[in-house]
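For reference, the structure is listed below as structure tokens.
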Amino acid sequence: MTANSTPRDTTGLLTDPYATYAALREEGPVHRITGPDGSPAWLVTRYEDVRRAFADPRLSLDKSNALPGNFRGFSLPPALDANLLNMDPPNHTRVRRLVVKAFTAGRVEAMRGQVRRLADELLDAVESTGRADLIADYAGPLPIVVICDLLGVPQRDRHDFRAWTDTLITPDPHRPEQAKEAIGGMLRFYTGLIAAKREEPGDDLLSALIAARDDGEGGPGGADRLSEDELTSLAFLLLFAGYENVVHLIGNSVSGLLDRPELLRALREKPDGIPAVIEEFIRHDGPAPLSIRRFPLEDIEIGGVTVPAGETVLLSIASANRDARHFEDPDHFNPHVVRSGHLAFGHGIHYCLGAPLGRMEAEVALEALLSRFPGLRLDVSKEELRWRPSIRTRGLISLPLAW
């Protein structure tokens, strides 16, 4: 079966995403749309199709497998583009193996006390004012500092990095030069940081990756050795990916709890319920509605629809996680029901490396916030809240709070 080749109007994904996804799911499993970069794409909406597609080796992440003119996306220099989001096996397997040890559950749990101290410091800075923007003052700085500490990024460079990242996440269409400037700034930053770590290695992940690059598990020139572009790109990805999704997970969770005052009170009394609540927010209103784009290596069938080789495929995580074919009553938020198998962190060999760290940061951030500010409330009307204008990201621009 072939789908209508005319791209669907998906403006509803910005204004009312979950209702729009529900309508698309019922209409069919795969739809032709205009992707986030303005080029045509195939949107997969149903749980079983999305899950199978995540694990299908015929769907490549490597942009070189895209049809010419079919995909634009970010234009990154080679030194930032040789990352795990643009790799298939065997290169993906080799690079992932070198970094996965830093994100094991045990290592992440050992960081919990450090993250709680950071959360308390950020709350100390705003407590006396009685109000703050959760995104700018808390949810934003927290993951930046955590991932920068993990990689060994000096304090003086962190403000610039956050500004560059924000520019790339929500580029201003009227000022395209800003994105180019941010990419140039990031490239200079990473190149300089790696050079400094080579001169003075530290007890951090980036120094360990540099050692893997320079020494190689297989010796100089060995099969496991990172190229210089892979090293720089990996540092770029870890900082970039370790920031955006955690910011929005914290923001979405706090916003959702303020809509559920009884649950908010229950968590203050029994904070051991926070992990289950965070997990349900990850499924119900997660920060990443779409997976990274994929390109079929051959004509393939998804949900009974033939998708031609080289065209762009987008897997809708947000839609799959609310598919009643897999989850019972999926639009109802219920942290007391175990909904196994949600796809918020992907599935298969590309499952998110940073999932344990993201979960832990959100849990700590929420526990610290609720324990410090029992009178927490919105400082504006709910109608004034604004979401980022993106179908790729689900997150609030700001979340003004008072206590």
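Residues in the structure tokens are numbered from 1 in each chain, the chains being A, B, ... in the order shown, and ligands are numbered from 1 in the order shown.
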How close does region 13-113 of chain A get to region 176-198 of chain A? List, as a Markdown table, each residue of region 13-113 of chain A within 10 Å, its nearest atom pair and the distance in Å to one decimal, counting only C-alpha atoms.
```
| residue | atom | partner | partner_atom | distance |
| --- | --- | --- | --- | --- |
| A:Phe74 | CA | A:Ala179 | CA | 9.2 |
| A:Ser75 | CA | A:Lys180 | CA | 8.7 |
| A:Leu76 | CA | A:Ile183 | CA | 7.2 |
| A:Pro77 | CA | A:Ile183 | CA | 8.2 |
| A:Ala79 | CA | A:Leu187 | CA | 7.4 |
| A:Leu80 | CA | A:Leu187 | CA | 7.1 |
```
Residue list (helix (DSSP H, G or I), DSSP) for region 103-337 of chain A, as a PyMOL selection string: chain A and resi 103+105-110+112-127+134-139+141-151+155-169+177-199+205-215+228-258+261-269+271-284+317-320
Nearby residues (only C-alpha atoms) at most 12 Å from Thr20 (chain A), same-chain spacing under 4 positions excluded, as a list in words: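 The filter keeps Arg8, Asp9, Thr10, Thr11, Gly12, Leu13, Leu14, Thr15, Asp16, Leu24, Arg25, Glu26, Glu27, Thr45, Ser316, Ala318, Ser319, Arg322 and Ile391 of chain A.
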Contacts of Leu297 (chain A) within 9 Å, only C-alpha atoms, excl. fewer than 5 positions in-chain, as a list in words: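 Final neighbour list, sorted by chain and number: Pro57, Arg58, Leu59, Ser60, Asn65, Ala66, Pro308, Ala309 and Gly310 of chain A.
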Residues near region 36-41 of chain A, cut-off 7 Å, only C-alpha atoms, skip fewer than 4 positions along chain, as a list in words: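 Counting only the stated atoms, we get Pro7, Arg32, Asn70, Phe71, Arg72, Gly73, Glu311, Thr312, Val313, Leu314, Ile391 and Arg392 of chain A.
With only C-alpha atoms taken into account, the protein and nucleic acid residues at most 12 Å from Asp124 (chain A) (excluding it and anything under 4 positions from it in its own chain) are Arg117, Leu118, Ala119, Asp120, Ser128, Thr129, Gly130, Arg131, Ala132, Asp137, Tyr138, Ala368, Leu369, Arg372 and Phe373 of chain A.
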Spatial neighbours of Arg158 (chain A), 9 Å, only C-alpha atoms, chain gap at least 5 places, as a PyMOL selection string: chain A and resi 144-145+148+153+163
Restricted to C-alpha atoms, what would the selected residues look like written as a PDB file, in the first residue's frame?
```
ATOM      1  CA  ILE A 144      24.343  21.836  32.313  1.00  0.00           C
ATOM      2  CA  VAL A 145      26.408  21.687  35.483  1.00  0.00           C
ATOM      3  CA  CYS A 148      29.863  19.721  32.435  1.00  0.00           C
ATOM      4  CA  VAL A 153      34.204  21.539  31.363  1.00  0.00           C
ATOM      5  CA  ALA A 163      23.636  30.094  24.971  1.00  0.00           C
TER       6      ALA A 163
END
```
Residue set, region 209-402 of chain A restricted to strand (DSSP E), as number ranges by chain: A: 295-296, 300-302, 305-307, 313-315, 377-378, 400-402
Separation of CA of Glu48 (chain A) from CA of Gly28 (chain A), in Å and rounded to one decimal: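 Going from CA of Glu48 (chain A) over to CA of Gly28 (chain A), I get 12.9 Å.
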Between CA of Pro287 (chain A) and CA of Arg394 (chain A), distance in Å (one decimal):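 Going from CA of Pro287 (chain A) over to CA of Arg394 (chain A) covers 4.6 Å.
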